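Trainee: Next up is a structure, given as structure tokens.
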Amino acid sequence: MVPDGTAGQGDAAAGPTLDRLLAVMGAGVLEPGTAPHGLGAVVEGVTVLDPLEPGRPRGQVLLAVGVDPQSAAAVDVVRQAAGSGAAAVVFGPGRTGRHPDALRAAAEDAGTAVLFRTAWCGWTELVGALRAGLALSGVPADPAVAAVAPGDLNGLADAVAVLVGGAVTIEDVESRVLAYSSTKEDVDELRRLTILGRRVPEWRVAAMREAGFFRALWGSGDVIHRPAHGDDPERLVVAVRAGGEILGSIWVAAAGGDLPPHAADTLRSAARVAAAHLLHHRSHRAHARLVEDAARALLDGRGSADVLAERTGIPVRGHCAVLAVRPGASCKGEQTGRLCALLAVRCGADGLMPVVVPVDRGALVLVGGLHQDMGRAVEQVARLGKSLARQVDDAFGPEAGIGLGTVAETLAGLPESRRSADLALRALLTEGEPRTVAFASEVAETIALNQMLDALPGPEPAPETPVARLVAFDAGQGGGTMVRTLRAYLDHFGHVPDTARALGVHANSLRHRISRLTEVSGLDLGSPDARLLAQLQLRLLGRGDDREA
């Protein structure tokens, strides 16, 4: 065993309790198994199990690395840990993810607390989190800061802002904004740009890096004061650390007046407490990434329904579906995070269990918890799609498309639901399709046409065909009008008034164009086969234009 003597700073010489340690670390790292005598045991350090080291120090959290909780060896570890006075034993999630009855019975008989590492937190991350938690569990905090719920970084920023009398931002080590206070006073331009961009502007970061500011910040254990300069107000900044690891920083800018004399002391204390919140936030983000990875793998047909169910709580059996969402062209790539957040919040408001997976130019929304009746579940998906379309249009502009996947009876059926959602979305984005939300069954003809076109060579028309001649003519002297005219004419079934309106020309002008294009191309508009070939070639040409755009 390899003991880590990191101790807490709480109750005199006794150290923090297991309950306090778990509260500081927050959810997402450890799951409770059983605690026959409660969580009041004093924790003195962290120990990694090593069979070649016989001693098991009293008061240690024992990490049973490599021991399957389903095995008989796990029962022996618990019994031996109880005999040496270990505070708790931590096992990995195991192959099945279930907490074995034999291990629970042994723990209750021995009186030892048993915890389980979550699937999304590795042993290395767990050791760091435990060490940081031990370093922080005894740190006293101002009541206003201590009242903030674990991981509520915006609440922490507001509490610190009240205490120090300034505008607060909490940033990670890459100068990305994690939270900021809702300060009412006028703020300076740099703070405004930082909040809008969710990170400190690149030019500012480069300037601070060149000046050696970050070396000073990460190397200092104290508050750094930056005096006012020009339009930039006075600022205080302090690094946030846990167990020797740098987690980020807290910035305070004067707002509406000078910072009070006690601001530095308050910020120094707040930084110690903030470490627990940042650890909690980081574990939540790691969990979110693993949920997204599990969902993406399953939708791609290479993942496990059981893994996704374990990470999300969505039942393996139960109606679920996938929606493919494409916002309008005004939604840029950097807005994907905002799109995903909007979709997740909207689905959650309906009491569904959503997982949103960003994809190229949009997102996939996996929804579980649908009605147990298949008909009602299908209606739920249809209503949700229409509601999401309105929300996305309002947020990112019109022209959103949402393909509705078939409702699956189990999570294992989601790859097929995703396939049907993608097909429906592609059909909705086809030129001339008036709908914006649909199931694949509602746009089956367009899907079939797309699949037929996929099987054809393209997009360039075969040489010496009428459409190929028109393309060459337009490239030389037609200015693109001949191909456009033929496409509109065929789309409107040869009806001259409708075609003229679509092109914005007089009917007589259109008749002259049609005569000219048949002369140039040799197209026989009276031949069904010639018209069919021309329409297919024009569709393929349109696809080539879309890809280039």
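By order in the structure tokens, chains are A, B, ...; within a chain, residues start at 1; ligands start at 1, following the order shown.
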Using only C-alpha atoms, determine which residues lie at most 9 Å from Leu523 in chain A, disregarding the query and same-chain residues fewer than 4 positions distant; provide the list as a list in words.

Mentor: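 That gives Thr465, Pro466, Val467, Leu517, Thr518, Glu519, Ser527, Ala530, Arg531 and Ala534 of chain A.
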
Trainee: Let me see the file: selected residues, C-alpha atoms, as an mmCIF file, in the first residue's frame.

Mentor:
```
data_model
loop_
_atom_site.group_PDB
_atom_site.id
_atom_site.type_symbol
_atom_site.label_atom_id
_atom_site.label_comp_id
_atom_site.auth_asym_id
_atom_site.auth_seq_id
_atom_site.Cartn_x
_atom_site.Cartn_y
_atom_site.Cartn_z
ATOM 1 C CA THR A 465 -26.784 14.715 -73.549
ATOM 2 C CA PRO A 466 -29.096 17.754 -73.798
ATOM 3 C CA VAL A 467 -28.391 18.959 -70.244
ATOM 4 C CA LEU A 517 -32.878 25.988 -75.223
ATOM 5 C CA THR A 518 -34.411 23.153 -77.250
ATOM 6 C CA GLU A 519 -32.522 24.424 -80.258
ATOM 7 C CA SER A 527 -40.364 12.536 -74.929
ATOM 8 C CA ALA A 530 -35.899 12.719 -72.303
ATOM 9 C CA ARG A 531 -37.751 14.710 -69.642
ATOM 10 C CA ALA A 534 -33.121 15.843 -67.842
#
```

Trainee: Could you list, as a PDB file with C-alpha atoms, in the first residue's frame, every residue within 12 Å of range 368-382 of chain A, counting only C-alpha atoms and ignoring same-chain residues fewer than 2 positions away?

Mentor:
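The resulting file, part_26.pdb, is shown below:
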```
ATOM      1  CA  ALA A 295     -24.653   8.306 -26.628  1.00  0.00           C
ATOM      2  CA  LEU A 308     -25.644   4.584 -21.786  1.00  0.00           C
ATOM      3  CA  ALA A 309     -28.349   3.501 -19.337  1.00  0.00           C
ATOM      4  CA  THR A 312     -27.855   8.576 -17.850  1.00  0.00           C
ATOM      5  CA  GLY A 313     -30.475   6.688 -15.860  1.00  0.00           C
ATOM      6  CA  ILE A 314     -32.553   6.171 -19.035  1.00  0.00           C
ATOM      7  CA  PRO A 315     -34.123   2.689 -18.814  1.00  0.00           C
ATOM      8  CA  VAL A 316     -32.756   0.126 -21.269  1.00  0.00           C
ATOM      9  CA  ARG A 317     -36.341  -0.933 -21.979  1.00  0.00           C
ATOM     10  CA  GLY A 318     -38.832   1.818 -22.666  1.00  0.00           C
ATOM     11  CA  HIS A 319     -39.882   4.001 -25.556  1.00  0.00           C
ATOM     12  CA  CYS A 320     -37.199   6.366 -26.827  1.00  0.00           C
ATOM     13  CA  ALA A 321     -36.338   8.187 -30.048  1.00  0.00           C
ATOM     14  CA  VAL A 322     -33.801  10.391 -31.815  1.00  0.00           C
ATOM     15  CA  LEU A 323     -34.447  13.797 -33.380  1.00  0.00           C
ATOM     16  CA  ALA A 324     -31.980  15.240 -35.915  1.00  0.00           C
ATOM     17  CA  CYS A 347     -36.732  18.606 -23.618  1.00  0.00           C
ATOM     18  CA  GLY A 348     -36.187  18.559 -19.854  1.00  0.00           C
ATOM     19  CA  ASP A 350     -41.394  18.315 -20.838  1.00  0.00           C
ATOM     20  CA  GLY A 351     -40.271  15.786 -18.238  1.00  0.00           C
ATOM     21  CA  LEU A 352     -38.264  13.774 -20.796  1.00  0.00           C
ATOM     22  CA  MET A 353     -34.747  12.390 -20.326  1.00  0.00           C
ATOM     23  CA  PRO A 354     -32.636  14.032 -23.052  1.00  0.00           C
ATOM     24  CA  VAL A 355     -29.059  13.583 -24.197  1.00  0.00           C
ATOM     25  CA  VAL A 356     -27.919  16.114 -26.808  1.00  0.00           C
ATOM     26  CA  VAL A 365     -31.379  14.739 -29.520  1.00  0.00           C
ATOM     27  CA  LEU A 366     -31.853  11.384 -27.839  1.00  0.00           C
ATOM     28  CA  LEU A 384     -41.616  17.911 -29.284  1.00  0.00           C
ATOM     29  CA  GLY A 385     -40.276  18.330 -32.818  1.00  0.00           C
ATOM     30  CA  LYS A 386     -42.679  21.181 -33.594  1.00  0.00           C
ATOM     31  CA  SER A 387     -41.916  22.867 -30.283  1.00  0.00           C
ATOM     32  CA  LEU A 388     -38.158  22.586 -30.822  1.00  0.00           C
ATOM     33  CA  ALA A 389     -38.508  23.993 -34.351  1.00  0.00           C
ATOM     34  CA  ILE A 402     -35.977  18.629 -37.596  1.00  0.00           C
ATOM     35  CA  GLY A 403     -36.111  14.995 -38.666  1.00  0.00           C
ATOM     36  CA  LEU A 404     -38.105  12.794 -36.306  1.00  0.00           C
ATOM     37  CA  GLY A 405     -36.779   9.286 -35.754  1.00  0.00           C
ATOM     38  CA  THR A 406     -38.975   6.239 -35.324  1.00  0.00           C
ATOM     39  CA  VAL A 407     -39.879   5.455 -31.716  1.00  0.00           C
ATOM     40  CA  ALA A 408     -37.779   2.524 -30.463  1.00  0.00           C
ATOM     41  CA  GLU A 409     -38.891   0.106 -27.750  1.00  0.00           C
ATOM     42  CA  THR A 410     -35.407  -0.177 -26.229  1.00  0.00           C
ATOM     43  CA  LEU A 411     -32.176   1.812 -26.256  1.00  0.00           C
ATOM     44  CA  GLY A 413     -33.136   0.397 -31.263  1.00  0.00           C
ATOM     45  CA  LEU A 414     -31.785   3.959 -31.241  1.00  0.00           C
ATOM     46  CA  SER A 417     -34.165   5.701 -34.984  1.00  0.00           C
ATOM     47  CA  ALA A 421     -34.209  10.876 -38.334  1.00  0.00           C
ATOM     48  CA  THR A 436     -39.716  21.758 -41.534  1.00  0.00           C
ATOM     49  CA  VAL A 437     -40.568  18.866 -39.170  1.00  0.00           C
ATOM     50  CA  ALA A 438     -41.428  15.318 -40.260  1.00  0.00           C
ATOM     51  CA  PHE A 439     -41.024  11.598 -39.693  1.00  0.00           C
ATOM     52  CA  ALA A 440     -39.359   9.619 -42.469  1.00  0.00           C
ATOM     53  CA  GLU A 442     -44.087  11.555 -44.119  1.00  0.00           C
TER      54      GLU A 442
END
```

Trainee: So which one's closest to Ala274 in chain A, A:Leu429, A:Val90, A:Leu364, A:Ile246? Using only C-alpha atoms, please.

Mentor: A:Ile246

Trainee: Neighbours of Thr485 in chain A within 9 Å (only C-alpha atoms; same-chain residues fewer than 5 positions away dropped), as a compact mmCIF listing (two decimals) with C-alpha atoms, in the first residue's frame?

Mentor:
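Written file, part-v2.txt:
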```txt
# COMPACT_ATOMS: atom_id res chain seq x y z
CA GLY A 480 -26.70 30.27 -66.34
CA LEU A 490 -39.90 20.90 -65.76
CA THR A 499 -42.91 28.98 -64.76
CA LEU A 503 -38.52 33.03 -62.96
CA LEU A 510 -40.18 32.37 -71.45
CA ARG A 513 -36.19 30.87 -74.02
CA ILE A 514 -37.77 27.41 -74.25
CA LEU A 517 -32.88 25.99 -75.22
```

Trainee: So that I can see what lies close to range 216-222 of chain A, please list as a VMD selection string the residues with an atom at most 10 Å from it, counting only C-alpha atoms and leaving out residues fewer than 4 positions away in the same chain.

Mentor: chain A and resid 173 209 211 to 212 237 to 241 245 to 249 264 to 265 267 to 268 271

Trainee: Using only C-alpha atoms, find the one residue out of A:Glu202, A:Val42, A:Val127, A:Val252 that sits nearest to Arg226 in chain A.

Mentor: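 Result for the nearest residue to Arg226 in chain A: A:Val252.
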
Trainee: State, in Å with one decimal place, the distance from CA of Val307 in chain A to CA of Asp68 in chain A.

Mentor: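 Result for CA of Val307 in chain A versus CA of Asp68 in chain A: 17.9 Å, one decimal.
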
Trainee: Just asking: which residues within range 206-412 of chain A are helix (DSSP H, G or I) according to DSSP, as number ranges by chain?

Mentor: A: 206-210, 213-219, 263-299, 305-312, 333-349, 374-396, 411-412

Trainee: Point out the residue among A:Cys340, A:Ala305, A:Ala157, A:Leu423 with the least atom-to-atom distance to Val392 in chain A, counting only C-alpha atoms.

Mentor: A:Cys340

Trainee: Rounded to one decimal, what separation in Å do you get between CA of Leu470 in chain A and CA of Leu453 in chain A?

Mentor: 20.4 Å

Trainee: Where in range 198-387 of chain A does DSSP assign strand (DSSP E or B), given as a ChimeraX atom specification?

Mentor: /A:199,224-226,229,232,235-242,245-254,317-326,353-359,362-368

Trainee: Only C-alpha atoms, please: the residues just picked out, written as a PDB file, in the first residue's frame.

Mentor:
```
ATOM      1  CA  ARG A 199     -13.383  33.898 -22.478  1.00  0.00           C
ATOM      2  CA  ILE A 224      -2.320  39.867  -6.993  1.00  0.00           C
ATOM      3  CA  HIS A 225      -3.314  43.521  -7.320  1.00  0.00           C
ATOM      4  CA  ARG A 226      -3.543  45.178 -10.732  1.00  0.00           C
ATOM      5  CA  HIS A 229      -4.974  52.005 -15.886  1.00  0.00           C
ATOM      6  CA  ASP A 232      -9.440  49.637 -17.001  1.00  0.00           C
ATOM      7  CA  ARG A 235      -8.534  44.497 -10.305  1.00  0.00           C
ATOM      8  CA  LEU A 236      -7.667  41.727  -7.859  1.00  0.00           C
ATOM      9  CA  VAL A 237      -6.957  38.177  -8.942  1.00  0.00           C
ATOM     10  CA  VAL A 238      -6.107  34.980  -7.098  1.00  0.00           C
ATOM     11  CA  ALA A 239      -5.348  31.467  -8.295  1.00  0.00           C
ATOM     12  CA  VAL A 240      -7.594  28.629  -7.118  1.00  0.00           C
ATOM     13  CA  ARG A 241      -5.689  25.528  -6.024  1.00  0.00           C
ATOM     14  CA  ALA A 242      -6.494  22.097  -4.633  1.00  0.00           C
ATOM     15  CA  GLU A 245      -3.181  21.457  -8.566  1.00  0.00           C
ATOM     16  CA  ILE A 246      -4.178  24.760 -10.185  1.00  0.00           C
ATOM     17  CA  LEU A 247      -7.875  24.757 -11.076  1.00  0.00           C
ATOM     18  CA  GLY A 248      -8.434  28.324 -12.258  1.00  0.00           C
ATOM     19  CA  SER A 249      -8.682  31.875 -10.955  1.00  0.00           C
ATOM     20  CA  ILE A 250     -11.089  34.425  -9.490  1.00  0.00           C
ATOM     21  CA  TRP A 251     -11.020  37.989 -10.776  1.00  0.00           C
ATOM     22  CA  VAL A 252     -12.580  41.000  -9.076  1.00  0.00           C
ATOM     23  CA  ALA A 253     -12.948  44.327 -10.884  1.00  0.00           C
ATOM     24  CA  ALA A 254     -13.901  47.548  -9.126  1.00  0.00           C
ATOM     25  CA  ARG A 317     -36.341  -0.933 -21.979  1.00  0.00           C
ATOM     26  CA  GLY A 318     -38.832   1.818 -22.666  1.00  0.00           C
ATOM     27  CA  HIS A 319     -39.882   4.001 -25.556  1.00  0.00           C
ATOM     28  CA  CYS A 320     -37.199   6.366 -26.827  1.00  0.00           C
ATOM     29  CA  ALA A 321     -36.338   8.187 -30.048  1.00  0.00           C
ATOM     30  CA  VAL A 322     -33.801  10.391 -31.815  1.00  0.00           C
ATOM     31  CA  LEU A 323     -34.447  13.797 -33.380  1.00  0.00           C
ATOM     32  CA  ALA A 324     -31.980  15.240 -35.915  1.00  0.00           C
ATOM     33  CA  VAL A 325     -31.861  19.039 -35.641  1.00  0.00           C
ATOM     34  CA  ARG A 326     -30.396  21.456 -38.193  1.00  0.00           C
ATOM     35  CA  MET A 353     -34.747  12.390 -20.326  1.00  0.00           C
ATOM     36  CA  PRO A 354     -32.636  14.032 -23.052  1.00  0.00           C
ATOM     37  CA  VAL A 355     -29.059  13.583 -24.197  1.00  0.00           C
ATOM     38  CA  VAL A 356     -27.919  16.114 -26.808  1.00  0.00           C
ATOM     39  CA  VAL A 357     -25.022  15.161 -29.067  1.00  0.00           C
ATOM     40  CA  PRO A 358     -23.476  17.898 -31.241  1.00  0.00           C
ATOM     41  CA  VAL A 359     -22.855  16.921 -34.868  1.00  0.00           C
ATOM     42  CA  GLY A 362     -26.545  20.701 -35.864  1.00  0.00           C
ATOM     43  CA  ALA A 363     -27.311  18.213 -33.109  1.00  0.00           C
ATOM     44  CA  LEU A 364     -28.888  14.844 -32.391  1.00  0.00           C
ATOM     45  CA  VAL A 365     -31.379  14.739 -29.520  1.00  0.00           C
ATOM     46  CA  LEU A 366     -31.853  11.384 -27.839  1.00  0.00           C
ATOM     47  CA  VAL A 367     -34.997  11.358 -25.701  1.00  0.00           C
ATOM     48  CA  GLY A 368     -35.982   8.672 -23.236  1.00  0.00           C
TER      49      GLY A 368
END
```

Trainee: Quick check, in Å to one decimal: how far apart do CA of His281 in chain A and CA of Gly40 in chain A lie?

Mentor: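 Taking CA of His281 in chain A and CA of Gly40 in chain A, their separation equals 25.2 Å.
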
Trainee: Could you tell me which of A:Met482, A:Ala455, A:Ala500, A:Ala297 comes closest to Pro415 in chain A if we count only C-alpha atoms?

Mentor: A:Ala297

Trainee: What's around Leu115 in chain A at 9 Å? Count only C-alpha atoms, leave out sequence neighbours fewer than 5 positions away in its own chain, and write the answer as a PyMOL selection string.

Mentor: chain A and resi 30-35+88-92

Trainee: Using all heavy atoms, can you export the residues from the last selection as a PDB file, in the first residue's frame?

Mentor:
```pdb
ATOM      1  N   LEU A  30     -17.714   9.595  -6.375  1.00  0.00           N
ATOM      2  CA  LEU A  30     -17.934   8.371  -5.601  1.00  0.00           C
ATOM      3  C   LEU A  30     -19.428   8.122  -5.419  1.00  0.00           C
ATOM      4  O   LEU A  30     -20.208   9.057  -5.271  1.00  0.00           O
ATOM      5  CB  LEU A  30     -17.265   8.482  -4.228  1.00  0.00           C
ATOM      6  CG  LEU A  30     -15.729   8.454  -4.198  1.00  0.00           C
ATOM      7  CD1 LEU A  30     -15.220   8.779  -2.808  1.00  0.00           C
ATOM      8  CD2 LEU A  30     -15.212   7.092  -4.656  1.00  0.00           C
ATOM      9  N   GLU A  31     -19.796   6.839  -5.426  1.00  0.00           N
ATOM     10  CA  GLU A  31     -21.170   6.448  -5.143  1.00  0.00           C
ATOM     11  C   GLU A  31     -21.191   5.669  -3.830  1.00  0.00           C
ATOM     12  O   GLU A  31     -20.338   4.805  -3.604  1.00  0.00           O
ATOM     13  CB  GLU A  31     -21.721   5.565  -6.266  1.00  0.00           C
ATOM     14  CG  GLU A  31     -21.871   6.263  -7.590  1.00  0.00           C
ATOM     15  CD  GLU A  31     -22.361   5.313  -8.674  1.00  0.00           C
ATOM     16  OE1 GLU A  31     -22.296   4.085  -8.450  1.00  0.00           O
ATOM     17  OE2 GLU A  31     -22.785   5.794  -9.733  1.00  0.00           O
ATOM     18  N   PRO A  32     -22.149   5.940  -2.945  1.00  0.00           N
ATOM     19  CA  PRO A  32     -22.211   5.197  -1.685  1.00  0.00           C
ATOM     20  C   PRO A  32     -22.642   3.749  -1.912  1.00  0.00           C
ATOM     21  O   PRO A  32     -23.513   3.468  -2.738  1.00  0.00           O
ATOM     22  CB  PRO A  32     -23.269   5.973  -0.885  1.00  0.00           C
ATOM     23  CG  PRO A  32     -24.123   6.634  -1.927  1.00  0.00           C
ATOM     24  CD  PRO A  32     -23.219   6.944  -3.073  1.00  0.00           C
ATOM     25  N   GLY A  33     -21.988   2.853  -1.221  1.00  0.00           N
ATOM     26  CA  GLY A  33     -22.400   1.447  -1.239  1.00  0.00           C
ATOM     27  C   GLY A  33     -23.167   1.141   0.032  1.00  0.00           C
ATOM     28  O   GLY A  33     -24.387   1.041   0.032  1.00  0.00           O
ATOM     29  N   THR A  34     -22.431   1.039   1.125  1.00  0.00           N
ATOM     30  CA  THR A  34     -23.058   0.845   2.433  1.00  0.00           C
ATOM     31  C   THR A  34     -22.172   1.453   3.509  1.00  0.00           C
ATOM     32  O   THR A  34     -20.943   1.496   3.355  1.00  0.00           O
ATOM     33  CB  THR A  34     -23.284  -0.656   2.715  1.00  0.00           C
ATOM     34  OG1 THR A  34     -23.942  -0.814   3.975  1.00  0.00           O
ATOM     35  CG2 THR A  34     -21.969  -1.418   2.745  1.00  0.00           C
ATOM     36  N   ALA A  35     -22.784   1.965   4.558  1.00  0.00           N
ATOM     37  CA  ALA A  35     -22.051   2.563   5.679  1.00  0.00           C
ATOM     38  C   ALA A  35     -22.766   2.148   6.957  1.00  0.00           C
ATOM     39  O   ALA A  35     -23.622   2.878   7.471  1.00  0.00           O
ATOM     40  CB  ALA A  35     -21.985   4.071   5.545  1.00  0.00           C
ATOM     41  N   ALA A  88     -12.736   3.819   5.150  1.00  0.00           N
ATOM     42  CA  ALA A  88     -13.629   3.331   4.102  1.00  0.00           C
ATOM     43  C   ALA A  88     -12.803   2.582   3.072  1.00  0.00           C
ATOM     44  O   ALA A  88     -11.577   2.746   2.990  1.00  0.00           O
ATOM     45  CB  ALA A  88     -14.383   4.474   3.434  1.00  0.00           C
ATOM     46  N   VAL A  89     -13.496   1.756   2.288  1.00  0.00           N
ATOM     47  CA  VAL A  89     -12.861   1.056   1.173  1.00  0.00           C
ATOM     48  C   VAL A  89     -13.583   1.468  -0.103  1.00  0.00           C
ATOM     49  O   VAL A  89     -14.821   1.485  -0.145  1.00  0.00           O
ATOM     50  CB  VAL A  89     -12.930  -0.480   1.335  1.00  0.00           C
ATOM     51  CG1 VAL A  89     -12.210  -1.159   0.175  1.00  0.00           C
ATOM     52  CG2 VAL A  89     -12.330  -0.903   2.665  1.00  0.00           C
ATOM     53  N   VAL A  90     -12.790   1.801  -1.133  1.00  0.00           N
ATOM     54  CA  VAL A  90     -13.363   2.208  -2.416  1.00  0.00           C
ATOM     55  C   VAL A  90     -13.037   1.152  -3.467  1.00  0.00           C
ATOM     56  O   VAL A  90     -11.862   0.802  -3.658  1.00  0.00           O
ATOM     57  CB  VAL A  90     -12.816   3.569  -2.869  1.00  0.00           C
ATOM     58  CG1 VAL A  90     -13.421   3.969  -4.217  1.00  0.00           C
ATOM     59  CG2 VAL A  90     -13.095   4.638  -1.828  1.00  0.00           C
ATOM     60  N   PHE A  91     -14.073   0.642  -4.142  1.00  0.00           N
ATOM     61  CA  PHE A  91     -13.904  -0.298  -5.250  1.00  0.00           C
ATOM     62  C   PHE A  91     -14.277   0.387  -6.556  1.00  0.00           C
ATOM     63  O   PHE A  91     -14.988   1.397  -6.576  1.00  0.00           O
ATOM     64  CB  PHE A  91     -14.805  -1.528  -5.060  1.00  0.00           C
ATOM     65  CG  PHE A  91     -14.411  -2.402  -3.916  1.00  0.00           C
ATOM     66  CD1 PHE A  91     -15.005  -2.245  -2.663  1.00  0.00           C
ATOM     67  CD2 PHE A  91     -13.448  -3.394  -4.070  1.00  0.00           C
ATOM     68  CE1 PHE A  91     -14.648  -3.055  -1.589  1.00  0.00           C
ATOM     69  CE2 PHE A  91     -13.080  -4.212  -3.002  1.00  0.00           C
ATOM     70  CZ  PHE A  91     -13.683  -4.035  -1.759  1.00  0.00           C
ATOM     71  N   GLY A  92     -13.797  -0.182  -7.658  1.00  0.00           N
ATOM     72  CA  GLY A  92     -14.216   0.292  -8.972  1.00  0.00           C
ATOM     73  C   GLY A  92     -15.643  -0.138  -9.252  1.00  0.00           C
ATOM     74  O   GLY A  92     -16.240  -0.898  -8.482  1.00  0.00           O
TER      75      GLY A  92
END
```

Trainee: Env of range 505-509 of chain A: 12 Å cut, atoms = only C-alpha atoms, seq-sep filter 5 positions within chain, self excluded. Answer as a PDB file with N, CA and C atoms, in the first residue's frame.

Mentor:
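Output below, filename around-v9.pdb:
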```
ATOM      1  N   THR A 481     -28.708  31.052 -67.507  1.00  0.00           N
ATOM      2  CA  THR A 481     -30.171  31.177 -67.635  1.00  0.00           C
ATOM      3  C   THR A 481     -30.822  29.941 -68.246  1.00  0.00           C
ATOM      4  N   THR A 485     -33.779  27.949 -66.462  1.00  0.00           N
ATOM      5  CA  THR A 485     -35.086  27.973 -67.125  1.00  0.00           C
ATOM      6  C   THR A 485     -35.643  26.563 -67.310  1.00  0.00           C
ATOM      7  N   ALA A 488     -36.894  25.112 -63.937  1.00  0.00           N
ATOM      8  CA  ALA A 488     -38.185  25.676 -63.524  1.00  0.00           C
ATOM      9  C   ALA A 488     -39.320  25.163 -64.415  1.00  0.00           C
ATOM     10  N   TYR A 489     -39.057  25.043 -65.709  1.00  0.00           N
ATOM     11  CA  TYR A 489     -40.087  24.591 -66.652  1.00  0.00           C
ATOM     12  C   TYR A 489     -40.527  23.162 -66.338  1.00  0.00           C
ATOM     13  N   GLY A 494     -44.276  22.094 -67.300  1.00  0.00           N
ATOM     14  CA  GLY A 494     -44.414  22.759 -68.575  1.00  0.00           C
ATOM     15  C   GLY A 494     -45.489  23.816 -68.620  1.00  0.00           C
ATOM     16  N   HIS A 495     -45.983  24.240 -67.451  1.00  0.00           N
ATOM     17  CA  HIS A 495     -47.031  25.270 -67.398  1.00  0.00           C
ATOM     18  C   HIS A 495     -46.355  26.641 -67.501  1.00  0.00           C
ATOM     19  N   VAL A 496     -46.597  27.322 -68.626  1.00  0.00           N
ATOM     20  CA  VAL A 496     -45.875  28.564 -68.909  1.00  0.00           C
ATOM     21  C   VAL A 496     -46.155  29.674 -67.896  1.00  0.00           C
ATOM     22  N   PRO A 497     -47.436  29.965 -67.543  1.00  0.00           N
ATOM     23  CA  PRO A 497     -47.661  31.065 -66.581  1.00  0.00           C
ATOM     24  C   PRO A 497     -46.974  30.849 -65.241  1.00  0.00           C
ATOM     25  N   ASP A 498     -47.075  29.624 -64.698  1.00  0.00           N
ATOM     26  CA  ASP A 498     -46.441  29.353 -63.396  1.00  0.00           C
ATOM     27  C   ASP A 498     -44.914  29.451 -63.503  1.00  0.00           C
ATOM     28  N   THR A 499     -44.358  28.914 -64.576  1.00  0.00           N
ATOM     29  CA  THR A 499     -42.910  28.975 -64.759  1.00  0.00           C
ATOM     30  C   THR A 499     -42.427  30.415 -64.897  1.00  0.00           C
ATOM     31  N   ALA A 500     -43.184  31.223 -65.664  1.00  0.00           N
ATOM     32  CA  ALA A 500     -42.805  32.628 -65.849  1.00  0.00           C
ATOM     33  C   ALA A 500     -42.811  33.377 -64.528  1.00  0.00           C
ATOM     34  N   ILE A 514     -37.550  28.845 -74.070  1.00  0.00           N
ATOM     35  CA  ILE A 514     -37.769  27.415 -74.249  1.00  0.00           C
ATOM     36  C   ILE A 514     -37.415  27.004 -75.678  1.00  0.00           C
ATOM     37  N   SER A 515     -37.838  27.828 -76.624  1.00  0.00           N
ATOM     38  CA  SER A 515     -37.514  27.529 -78.024  1.00  0.00           C
ATOM     39  C   SER A 515     -36.009  27.527 -78.239  1.00  0.00           C
ATOM     40  N   ARG A 516     -35.349  28.506 -77.628  1.00  0.00           N
ATOM     41  CA  ARG A 516     -33.896  28.618 -77.797  1.00  0.00           C
ATOM     42  C   ARG A 516     -33.167  27.451 -77.127  1.00  0.00           C
TER      43      ARG A 516
END
```
